[in-house]
Structures are given as C-alpha cells and as structure tokens.
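Written out below as structure tokens is the structure these notes cover.
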Amino acid sequence: YFAAEESNLCCRQYCGIHRPFTLSILDNSQNEVIHMVREFSCSTHFYCFWARQRMEVQSPPGEVVGYVRQDCSFWNPRFTLMNTEEQPVLTISGRMVDLCCRGITPNITFDVATLDGTSVGNVTKQWSGLTKEYFTSADNFGISFPMDLDVRMKAVLLGACFLIDFVFFERRNNQQGRHRRH
C-alpha cells in the first residue's frame with residue numbers, strides 16, 4: 001500500500017502543518033482504497049480548545065466510515081475515533097513526556113483503548129536510528145489492534161496514525177528546515 005498527499009502548493013509552503021489536505025491510500029494496483037480529508041486548522045497545539053484537529057475517513061472513497069478528532073487536553077495528547085454517526089468508539093492517548101523527550105525515548109507509543117479504558121492496541125512511532133531520524137523526514141509507525149476490530153475502525157485507526165504524524169512529528173521536520181515529500 002502507498003499513501004499519497006494531495007494539497008495545494010501554496011498551502012504547503014505558507015500554511016505548513018496547518019494546511020488542508022487529502023490522503024489517498026492506494027493498493028499495489030494504484031486503486032484508491034481509503035480516502036482521508038483534513039480541513040484547514042488554525043493551530044495544531046493539543047491545548048487549543050477552538051482548533052482541534054479532525055479527519056474524515058472514507059472507504060471506499062466517497063463513503064464515510066468514521067472520523068478522528070483530537071480532544072482538548074492540557075497535558076497528554078488524546079484522540080477519539082468515531083463511527084459514521086460521530087459516536088465515540090475508541091480513544092487514543094499518549095504521554096507528553098515521551099513527546100518532549102524525542103530522541104531519548106526509542107519509541108513513542110499512543111495507547112488505543114475502548115471507551116471503558118481497556119487497552120486494545122497502540123500506535124507507535126518507531127525509532128529508525130540516529131541517521132534516519134535526524135537527516136531525513138521519513139518516519140516509521142506501527143499500529144496494533146485486535147483482529148476482530150471492525151474493518152471500518154481499522155481504516156479510522158490508520159487515519160489516526162497519519163493525523164498523529166502531522167500533529168506531533170511534521171512540525172519537528174519543518175522546524176529543522178526539511179520539507180516532507182509524500
């Protein structure tokens with residue numbers, strides 16, 4: 001599978017990580033199997049009440065299967081995965097200390113849980129080694145989830161992985177003067 005971002009050149013240059021975009025997940029035959037849409041946002045800070053991140057996930061393209069919403073939090077990053085009726089199904093939470101200590105902590109893990117707090121998986125930004133981490137804009141992520149998780153929520157969880165990357169890791173790359181290619 002491949003991910004391809006579609007966004008306006010002007011937005012990429014001047015809006016950076018705040019830009020609106022669509023992501024297409026393509027199979028090996030270059031058929032789009034998942035389509036993700038993020039609207040423009042004025043801020044990507046986890047503590048910004050009025051500017052939470054939100055992504056719509058469609059599969060097949062044109063058919064909404066769910067949403068990812070960044071939740072308000074003063075300390076630890078939190079996201080909610082919602083179904084087509086925008087009812088919460090799963091939550092994702094991370095630890096701010098891990099984000100603050102990037103480079104010291106080998107992997108940064110975000111816990112995936114049911115609404116009652118039972119852990120059912122995780123999204124992990126995997127340490128790729130000193131050279132790759134500091135001299136490229138490439139990131140590696142791993143996602144674990146129960147095999148019996150609804151296929152629509154699996155697609156939404158993939159969307160959450162991309163949103164986490166944009167909210168917490170794209171900034172670091174842009175601040176170091178590197179431009180990301182998708």
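Identifiers for the structure tokens are assigned positionally: chains receive A, B, ... in sequence, residues are indexed from 1 per chain, and ligands are indexed from 1 in the order shown.
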
Long-range neighbours of segment 152-166 of chain A as an mmCIF file with N, CA and C atoms, in the first residue's frame, 9 Å cut-off, only C-alpha atoms, 3 positions minimum in chain:
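Wrote out_37.cif, looks like this:
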```
data_model
loop_
_atom_site.group_PDB
_atom_site.id
_atom_site.type_symbol
_atom_site.label_atom_id
_atom_site.label_comp_id
_atom_site.auth_asym_id
_atom_site.auth_seq_id
_atom_site.Cartn_x
_atom_site.Cartn_y
_atom_site.Cartn_z
ATOM 1 N N ILE A 17 2.065 22.807 8.467
ATOM 2 C CA ILE A 17 1.319 21.725 9.107
ATOM 3 C C ILE A 17 -0.142 22.055 9.343
ATOM 4 N N HIS A 18 -0.533 23.308 9.152
ATOM 5 C CA HIS A 18 -1.932 23.699 9.339
ATOM 6 C C HIS A 18 -2.755 23.482 8.071
ATOM 7 N N LEU A 23 -5.544 12.592 1.784
ATOM 8 C CA LEU A 23 -4.599 11.484 1.661
ATOM 9 C C LEU A 23 -5.323 10.344 0.964
ATOM 10 N N ILE A 34 -8.706 3.848 0.435
ATOM 11 C CA ILE A 34 -9.097 4.691 1.565
ATOM 12 C C ILE A 34 -8.791 6.133 1.187
ATOM 13 N N MET A 36 -8.771 10.087 2.924
ATOM 14 C CA MET A 36 -8.814 10.831 4.184
ATOM 15 C C MET A 36 -8.797 12.320 3.887
ATOM 16 N N ARG A 38 -8.600 16.223 5.673
ATOM 17 C CA ARG A 38 -8.419 17.110 6.822
ATOM 18 C C ARG A 38 -8.592 18.537 6.333
ATOM 19 N N THR A 44 -2.252 23.505 15.731
ATOM 20 C CA THR A 44 -2.133 22.068 15.976
ATOM 21 C C THR A 44 -1.711 21.795 17.403
ATOM 22 N N GLN A 53 -7.852 19.220 15.855
ATOM 23 C CA GLN A 53 -7.694 18.558 14.565
ATOM 24 C C GLN A 53 -8.816 17.559 14.362
ATOM 25 N N ARG A 54 -9.190 17.384 13.115
ATOM 26 C CA ARG A 54 -10.259 16.448 12.780
ATOM 27 C C ARG A 54 -9.982 15.905 11.386
ATOM 28 N N MET A 55 -10.208 14.615 11.224
ATOM 29 C CA MET A 55 -10.017 13.987 9.922
ATOM 30 C C MET A 55 -11.196 13.079 9.624
ATOM 31 N N GLU A 56 -11.677 13.154 8.389
ATOM 32 C CA GLU A 56 -12.738 12.271 7.923
ATOM 33 C C GLU A 56 -12.092 11.133 7.146
ATOM 34 N N VAL A 57 -12.562 9.901 7.376
ATOM 35 C CA VAL A 57 -12.007 8.726 6.704
ATOM 36 C C VAL A 57 -13.106 8.088 5.871
ATOM 37 N N GLN A 58 -12.800 7.830 4.610
ATOM 38 C CA GLN A 58 -13.756 7.230 3.678
ATOM 39 C C GLN A 58 -13.171 5.937 3.115
ATOM 40 N N SER A 59 -14.001 4.910 3.018
ATOM 41 C CA SER A 59 -13.584 3.661 2.396
ATOM 42 C C SER A 59 -14.816 2.855 2.025
ATOM 43 N N VAL A 65 -16.568 6.267 6.699
ATOM 44 C CA VAL A 65 -16.585 5.148 7.647
ATOM 45 C C VAL A 65 -16.325 5.612 9.066
ATOM 46 N N GLY A 66 -15.850 6.860 9.222
ATOM 47 C CA GLY A 66 -15.629 7.369 10.566
ATOM 48 C C GLY A 66 -14.786 8.626 10.563
ATOM 49 N N TYR A 67 -14.485 9.073 11.791
ATOM 50 C CA TYR A 67 -13.767 10.324 11.994
ATOM 51 C C TYR A 67 -12.735 10.149 13.104
ATOM 52 N N VAL A 68 -11.686 10.950 13.036
ATOM 53 C CA VAL A 68 -10.704 11.045 14.109
ATOM 54 C C VAL A 68 -10.766 12.480 14.598
ATOM 55 N N ARG A 69 -10.874 12.662 15.901
ATOM 56 C CA ARG A 69 -10.933 14.007 16.474
ATOM 57 C C ARG A 69 -9.884 14.125 17.569
ATOM 58 N N GLN A 70 -9.107 15.204 17.504
ATOM 59 C CA GLN A 70 -8.164 15.496 18.580
ATOM 60 C C GLN A 70 -8.961 16.109 19.721
ATOM 61 N N PHE A 79 -7.034 11.516 21.438
ATOM 62 C CA PHE A 79 -7.835 11.495 20.227
ATOM 63 C C PHE A 79 -9.022 10.569 20.454
ATOM 64 N N THR A 80 -10.110 10.837 19.731
ATOM 65 C CA THR A 80 -11.272 9.963 19.766
ATOM 66 C C THR A 80 -11.544 9.473 18.357
ATOM 67 N N LEU A 81 -11.753 8.171 18.212
ATOM 68 C CA LEU A 81 -12.134 7.578 16.943
ATOM 69 C C LEU A 81 -13.634 7.373 16.978
ATOM 70 N N MET A 82 -14.325 7.891 15.962
ATOM 71 C CA MET A 82 -15.785 7.881 15.951
ATOM 72 C C MET A 82 -16.312 7.162 14.715
ATOM 73 N N ASN A 83 -17.522 6.625 14.839
ATOM 74 C CA ASN A 83 -18.162 5.957 13.719
ATOM 75 C C ASN A 83 -18.829 6.977 12.792
ATOM 76 N N VAL A 89 -16.011 5.491 19.602
ATOM 77 C CA VAL A 89 -15.834 4.041 19.616
ATOM 78 C C VAL A 89 -14.549 3.674 20.361
ATOM 79 N N LEU A 90 -13.456 4.367 20.055
ATOM 80 C CA LEU A 90 -12.162 4.105 20.680
ATOM 81 C C LEU A 90 -11.503 5.428 21.051
ATOM 82 N N ILE A 92 -7.504 7.261 21.842
ATOM 83 C CA ILE A 92 -6.053 7.135 21.735
ATOM 84 C C ILE A 92 -5.450 8.160 22.676
ATOM 85 N N VAL A 112 -4.277 2.692 22.395
ATOM 86 C CA VAL A 112 -5.627 2.622 21.840
ATOM 87 C C VAL A 112 -6.473 1.857 22.851
ATOM 88 N N VAL A 123 -0.583 2.766 18.695
ATOM 89 C CA VAL A 123 0.050 3.387 17.534
ATOM 90 C C VAL A 123 1.432 3.798 18.032
ATOM 91 N N THR A 124 2.480 3.337 17.365
ATOM 92 C CA THR A 124 3.835 3.590 17.833
ATOM 93 C C THR A 124 4.678 4.232 16.742
ATOM 94 N N LYS A 125 5.276 5.367 17.079
ATOM 95 C CA LYS A 125 6.293 5.939 16.193
ATOM 96 C C LYS A 125 7.574 5.227 16.563
ATOM 97 N N ASP A 139 9.436 8.854 8.612
ATOM 98 C CA ASP A 139 9.065 8.297 9.912
ATOM 99 C C ASP A 139 8.482 6.910 9.707
ATOM 100 N N PHE A 141 5.907 4.104 11.503
ATOM 101 C CA PHE A 141 4.879 3.895 12.506
ATOM 102 C C PHE A 141 4.422 2.446 12.459
ATOM 103 N N GLY A 142 4.024 1.933 13.605
ATOM 104 C CA GLY A 142 3.401 0.624 13.698
ATOM 105 C C GLY A 142 2.044 0.773 14.361
ATOM 106 N N ILE A 143 1.089 -0.019 13.923
ATOM 107 C CA ILE A 143 -0.256 0.003 14.504
ATOM 108 C C ILE A 143 -0.606 -1.421 14.904
ATOM 109 N N PHE A 145 -3.806 -3.767 16.728
ATOM 110 C CA PHE A 145 -5.226 -3.747 17.066
ATOM 111 C C PHE A 145 -5.736 -5.183 17.077
ATOM 112 N N LEU A 149 -11.441 -6.367 15.269
ATOM 113 C CA LEU A 149 -11.884 -4.973 15.204
ATOM 114 C C LEU A 149 -12.578 -4.748 13.866
ATOM 115 N N PHE A 169 4.750 15.188 14.694
ATOM 116 C CA PHE A 169 6.067 14.904 14.130
ATOM 117 C C PHE A 169 6.389 15.697 12.876
ATOM 118 N N GLU A 170 5.407 16.179 12.163
ATOM 119 C CA GLU A 170 5.656 17.010 10.979
ATOM 120 C C GLU A 170 6.319 18.315 11.384
ATOM 121 N N ARG A 171 5.913 18.890 12.492
ATOM 122 C CA ARG A 171 6.460 20.166 12.967
ATOM 123 C C ARG A 171 7.969 20.082 13.156
#
```

* So how many Å separate atom CA of Pro106 of chain A and atom CA of Gln126 of chain A, to one decimal? -> 7.0 Å

* List every residue of segment 100-161 of chain A that DSSP, applied to the backbone of this structure, places in alpha helix (DSSP H), and write the result as a ChimeraX atom specification. => /A:100,130-135,151-161

For the selection you just gave me, I'd like the residues written to a file as a PDB file, in the first residue's frame, keeping C-alpha atoms.
```
ATOM      1  CA  CYS A 100       9.132  16.097  24.957  1.00  0.00           C
ATOM      2  CA  LEU A 130      20.115   8.262  14.532  1.00  0.00           C
ATOM      3  CA  THR A 131      20.903   8.876  10.872  1.00  0.00           C
ATOM      4  CA  LYS A 132      17.380   8.421   9.556  1.00  0.00           C
ATOM      5  CA  GLU A 133      15.761  10.323  12.432  1.00  0.00           C
ATOM      6  CA  TYR A 134      17.947  13.403  12.181  1.00  0.00           C
ATOM      7  CA  PHE A 135      18.827  13.610   8.495  1.00  0.00           C
ATOM      8  CA  VAL A 151     -12.747  -3.110   9.335  1.00  0.00           C
ATOM      9  CA  ARG A 152     -14.138   0.457   9.263  1.00  0.00           C
ATOM     10  CA  MET A 153     -12.480   1.219  12.604  1.00  0.00           C
ATOM     11  CA  LYS A 154      -9.228  -0.233  11.247  1.00  0.00           C
ATOM     12  CA  ALA A 155      -9.385   2.371   8.458  1.00  0.00           C
ATOM     13  CA  VAL A 156     -10.148   5.118  11.004  1.00  0.00           C
ATOM     14  CA  LEU A 157      -7.220   3.925  13.139  1.00  0.00           C
ATOM     15  CA  LEU A 158      -4.961   4.249  10.085  1.00  0.00           C
ATOM     16  CA  GLY A 159      -6.277   7.804   9.670  1.00  0.00           C
ATOM     17  CA  ALA A 160      -5.440   8.476  13.322  1.00  0.00           C
ATOM     18  CA  CYS A 161      -1.877   7.331  12.689  1.00  0.00           C
TER      19      CYS A 161
END
```

* So which one's closest to Asp116 of chain A, A:Ser7, A:Pro88, A:Arg95, A:Asn140? Using only C-alpha atoms, please. ->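 Among A:Ser7, A:Pro88, A:Arg95, A:Asn140, it is A:Pro88 that comes nearest to Asp116 of chain A.
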
* Of the candidates A:Glu5, A:Arg78, A:Ile108, A:Val33, which shows the shortest atom-to-atom distance to Arg52 of chain A, using only C-alpha atoms? ->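 Selected residue with least distance to Arg52 of chain A: A:Arg78.
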
* Contacts of Pro77 of chain A at 9 Å (only C-alpha atoms; same-chain gap of 6+ positions) as a ChimeraX atom specification -> /A:46-47,70-71,92-96,110

* **segment 46-176 of chain A: residues DSSP assigns to strand (DSSP E), reported as a VMD selection string** => chain A and resid 54 to 58 64 to 70 78 to 82 88 to 93 108 to 114 119 to 126 140 to 144

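Taking only C-alpha atoms into account, Trp127 of chain A lies nearest to A:Asn107 out of the set A:Thr84, A:Asn107, A:Ser73, A:Thr114.
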